Amino acid sequence: MCSTSKAGVSPIRPCWNAWPPRSPIGPDDDGFLVAPGIGLANRRLSIVGLADGAQPIFNEDQSVAVVCNGELFEFPEWRAELEAKGHVFRTHSDVEIIVHLYEEYGEGFIERLTGQFAFALVDFKRRIVLLARDRVGICPLFWSRQGDFLYFGSEIKALLASGGVTPKADTRGLDHLFTFFALGGRRTAFDGVQALAPGHYLKIAWGGDDKAATPVETKYWDFDFPDWGEEDDPSDEEAAIDAFEEAFARAVEIRLRADVPVVGYLSGGVDSAYVLATAARIAGKPLPSFTLRVPDPRLDETTEALEASGAIGGQSTVVEACAGIITENYAALTTAAECPVLDTSCAALLALSREVRAQGYKVVLTGEGADEAFAGYVWYKIREIARRLDVGDAFRPSTAISRAARKWAARDQSFAELARIDGMIGGPHAQSILYNLVARSRGRYYSAGMKEEIGAHVAYEDLDLDTERMARWHPLNRSLYLGYKVHLSGLLLGPKRPGGNGEQRGDALPVPR
């Protein structure tokens, strides 16, 4: 995807030229559309509809067009339903359901989609552009308004290549990295460039009256939990386990839908092994697996991973993470992530993904997201232990303990500031102490000028959290929500995703509907 403008022809060619011949965004197909007031470009990684899925894709009378990065997992079911209603499909691409669903349901169709996607839809009759991003932020989508022009793309590089967006650091965006070690919200590392938030779409209506359109952002989906005290506590544990396994199997099954072979990452953990075991059962054969060997035997999980691989079956590939893997890959990783990367394990994942691509594969199932869903990280456990001192929300000594620990971690913050932060995010949360430990590094790297530019602003102000709804949840669910909104989209689906011309599908949990 590339750019759109208020009037005239947008600078589509500079964006188009920004992508090299083997861009990770898509090396298989390319296409573009230029019309008065709008320009679209697409480079495609072909997974479904290999022969006839080139984009843009249109509806029957070509009044609606779309370019999309990602995949719509339930496209066979939607296609059958739409054809029964009289819609005519011209391709075998999953992306084609977007234009027909829009015809059928209007803007409301977006909330019906399940998958990983970022798309731009143009309605030429109504002179409307819709930019949409999937529910949890698996696929990136960036945009920037410069005067009467609005540029958008799956990579910030495309926006900068237009010549209309000046590359300049956003100090508040960088402050997110040194607070959460992630960019999970709208902020990016570039001033004037923002990410479309997960579960949101942007509507731009451009007319012929020479007036600049105003982009309007709408939230179409968010995570939700039962009210505190109303959580499901099944009396029949076996029935609950069966229900989970059914939902999990469905999540894996729809992600196996591809016209190319699918493989998997395999560590020594339960999450990736469970994904691959489930995939093997559904596919009727084991998937090839890829494992990273770490030089330090205290951290290496190769033995456990190969044991799991032996039980599941399938070909195993082990990639050696040599001592120089970070220095050898960090520049390329930062270029792909389009921001500084604090989690250096991402460099090893980049090397792993390159091996996947070198063997000719495009799609990888992963176990990312399990710790966010099941409170697997140690900070969740520490928080719940401290909460044993609390009596509901009325008497919470754990709050004082959390603030005292965070004051020790970042001594430049006052207790009043910590209380202000907790108020912004409905906290404290399990991650609060961790974030303060990360924030200690700001004193080492921030110049006096950068501190002055940031001023009293704190990264927590930028988070898109429904604190009113959070107040009704159990404290553990509040922390899980924060992890979903910040850590999951900002790190696991950001810097840990860039790879060698491939698509990753995180299948540790079915995405809530």
# chains A, B, ... in the order shown; residues from 1 in each chain; ligands from 1

$ select_by_dssp --residues "region 268-313 of chain A" --states "strand (DSSP E)" --output "JSON, numbers by chain"
{"A": [289, 290, 291, 292, 293]}

$ write_last_selection --atoms "N, CA and C atoms" --output "PDB file, in the first residue's frame"
ATOM      1  N   SER A 289       9.886 -28.114  11.084  1.00  0.00           N
ATOM      2  CA  SER A 289      10.083 -27.186  12.192  1.00  0.00           C
ATOM      3  C   SER A 289      11.464 -26.558  12.140  1.00  0.00           C
ATOM      4  N   PHE A 290      11.579 -25.361  12.729  1.00  0.00           N
ATOM      5  CA  PHE A 290      12.827 -24.608  12.763  1.00  0.00           C
ATOM      6  C   PHE A 290      13.107 -24.183  14.203  1.00  0.00           C
ATOM      7  N   THR A 291      14.316 -24.490  14.656  1.00  0.00           N
ATOM      8  CA  THR A 291      14.707 -24.244  16.044  1.00  0.00           C
ATOM      9  C   THR A 291      16.014 -23.469  16.077  1.00  0.00           C
ATOM     10  N   LEU A 292      16.145 -22.610  17.073  1.00  0.00           N
ATOM     11  CA  LEU A 292      17.360 -21.813  17.246  1.00  0.00           C
ATOM     12  C   LEU A 292      18.201 -22.410  18.372  1.00  0.00           C
ATOM     13  N   ARG A 293      19.480 -22.663  18.090  1.00  0.00           N
ATOM     14  CA  ARG A 293      20.390 -23.172  19.115  1.00  0.00           C
ATOM     15  C   ARG A 293      21.186 -22.007  19.701  1.00  0.00           C
TER      16      ARG A 293
END

$ residues_around --residues "region 59-66 of chain A" --least-positions-apart "2" --cutoff "10 Å" --atoms "only C-alpha atoms" --output "ChimeraX atom specification"
/A:1,33,40,42,55-57,68,87-90,95-103,119-131

$ write_last_selection --atoms "C-alpha atoms" --output "compact mmCIF listing (two decimals), in the first residue's frame"
# COMPACT_ATOMS: atom_id res chain seq x y z
CA MET A 1 0.00 0.00 0.00
CA LEU A 33 -3.81 2.23 -9.36
CA LEU A 40 -2.59 2.86 -4.50
CA ASN A 42 0.85 -3.03 -3.68
CA GLN A 55 -3.93 -6.41 -6.52
CA PRO A 56 -5.71 -4.01 -6.53
CA ILE A 57 -8.83 -6.18 -6.51
CA CYS A 68 -4.37 -5.61 1.39
CA HIS A 87 -21.86 -11.61 -5.60
CA VAL A 88 -19.54 -12.61 -8.44
CA PHE A 89 -15.94 -13.50 -7.65
CA ARG A 90 -13.23 -13.18 -10.29
CA VAL A 95 -8.69 -10.49 -0.30
CA GLU A 96 -11.62 -10.36 -2.73
CA ILE A 97 -14.12 -10.92 0.06
CA ILE A 98 -13.31 -7.38 1.32
CA VAL A 99 -14.93 -5.55 -1.61
CA HIS A 100 -18.02 -7.77 -1.57
CA LEU A 101 -18.45 -7.58 2.20
CA TYR A 102 -18.23 -3.79 1.90
CA GLU A 103 -20.98 -3.85 -0.73
CA PHE A 119 -5.91 -2.79 3.93
CA ALA A 120 -6.90 0.30 2.00
CA LEU A 121 -10.35 0.30 0.39
CA VAL A 122 -11.53 2.96 -2.07
CA ASP A 123 -15.18 3.61 -2.85
CA PHE A 124 -15.05 5.72 -6.02
CA LYS A 125 -18.77 6.49 -6.06
CA ARG A 126 -18.89 7.78 -2.49
CA ARG A 127 -15.32 9.15 -2.70
CA ILE A 128 -14.30 7.40 0.50
CA VAL A 129 -11.06 5.72 1.55
CA LEU A 130 -11.01 3.26 4.46
CA LEU A 131 -7.73 2.23 6.08

$ residues_around --residues "region 331-336 of chain A" --least-positions-apart "2" --cutoff "7 Å" --atoms "only C-alpha atoms" --output "ChimeraX atom specification"
/A:329,338-341,347,350,498

$ closest_residue --among "A:Thr171, A:Trp379, A:Asp462, A:Phe58" --to "Ser447 (chain A)" --atoms "only C-alpha atoms"
A:Thr171

$ select_by_dssp --residues "region 120-234 of chain A" --states "helix (DSSP H, G or I)" --output "list in words"
Ile156, Lys157, Ala158, Leu159, Leu160, Ala161, Thr171, Arg172, Gly173, Leu174, Asp175, His176, Leu177, Phe178, Thr179 and Phe180 of chain A

$ residues_around --residues "region 412-427 of chain A" --least-positions-apart "6" --cutoff "7 Å" --atoms "only C-alpha atoms" --output "PDB file with N, CA and C atoms, in the first residue's frame"
ATOM      1  N   ARG A 403       4.389   0.831  44.307  1.00  0.00           N
ATOM      2  CA  ARG A 403       4.954   2.170  44.127  1.00  0.00           C
ATOM      3  C   ARG A 403       6.307   2.306  44.813  1.00  0.00           C
ATOM      4  N   TYR A 460       2.756   6.912  29.154  1.00  0.00           N
ATOM      5  CA  TYR A 460       1.469   6.329  29.541  1.00  0.00           C
ATOM      6  C   TYR A 460       0.289   7.170  29.047  1.00  0.00           C
ATOM      7  N   GLU A 461       0.524   8.477  28.834  1.00  0.00           N
ATOM      8  CA  GLU A 461      -0.558   9.343  28.368  1.00  0.00           C
ATOM      9  C   GLU A 461      -1.065   8.939  26.990  1.00  0.00           C
ATOM     10  N   LEU A 465      -6.381   2.967  26.336  1.00  0.00           N
ATOM     11  CA  LEU A 465      -6.924   1.998  27.280  1.00  0.00           C
ATOM     12  C   LEU A 465      -8.325   2.420  27.714  1.00  0.00           C
ATOM     13  N   THR A 467     -10.089   2.588  30.504  1.00  0.00           N
ATOM     14  CA  THR A 467      -9.908   2.476  31.958  1.00  0.00           C
ATOM     15  C   THR A 467     -11.239   2.351  32.690  1.00  0.00           C
ATOM     16  N   MET A 470     -11.979  -1.239  32.420  1.00  0.00           N
ATOM     17  CA  MET A 470     -10.981  -1.982  33.183  1.00  0.00           C
ATOM     18  C   MET A 470     -11.325  -2.026  34.667  1.00  0.00           C
ATOM     19  N   ALA A 471     -11.900  -0.949  35.192  1.00  0.00           N
ATOM     20  CA  ALA A 471     -12.199  -0.869  36.621  1.00  0.00           C
ATOM     21  C   ALA A 471     -13.173  -1.944  37.061  1.00  0.00           C
TER      22      ALA A 471
END

$ closest_residue --among "A:Arg442, A:Glu77, A:Thr278, A:Leu45" --to "Glu245 (chain A)" --atoms "only C-alpha atoms"
A:Thr278

$ residues_around --residues "Ala386 (chain A)" --least-positions-apart "2" --cutoff "10 Å" --atoms "only C-alpha atoms" --output "PyMOL selection string"
chain A and resi 381-384+388-390+396-399+401-402+430

$ closest_residue --among "A:Ala459, A:Ile138, A:Ala273, A:Ala439" --to "Glu307 (chain A)" --atoms "only C-alpha atoms"
A:Ala273

$ atom_distance --atom1 "CA of Glu83 (chain A)" --atom2 "CA of Thr114 (chain A)"
18.9 Å

$ closest_residue --among "A:Glu71, A:Asp94, A:Glu304, A:Glu246" --to "Gly268 (chain A)" --atoms "only C-alpha atoms"
A:Glu304

$ atom_distance --atom1 "CA of Ala448 (chain A)" --atom2 "CA of Leu183 (chain A)"
23.0 Å
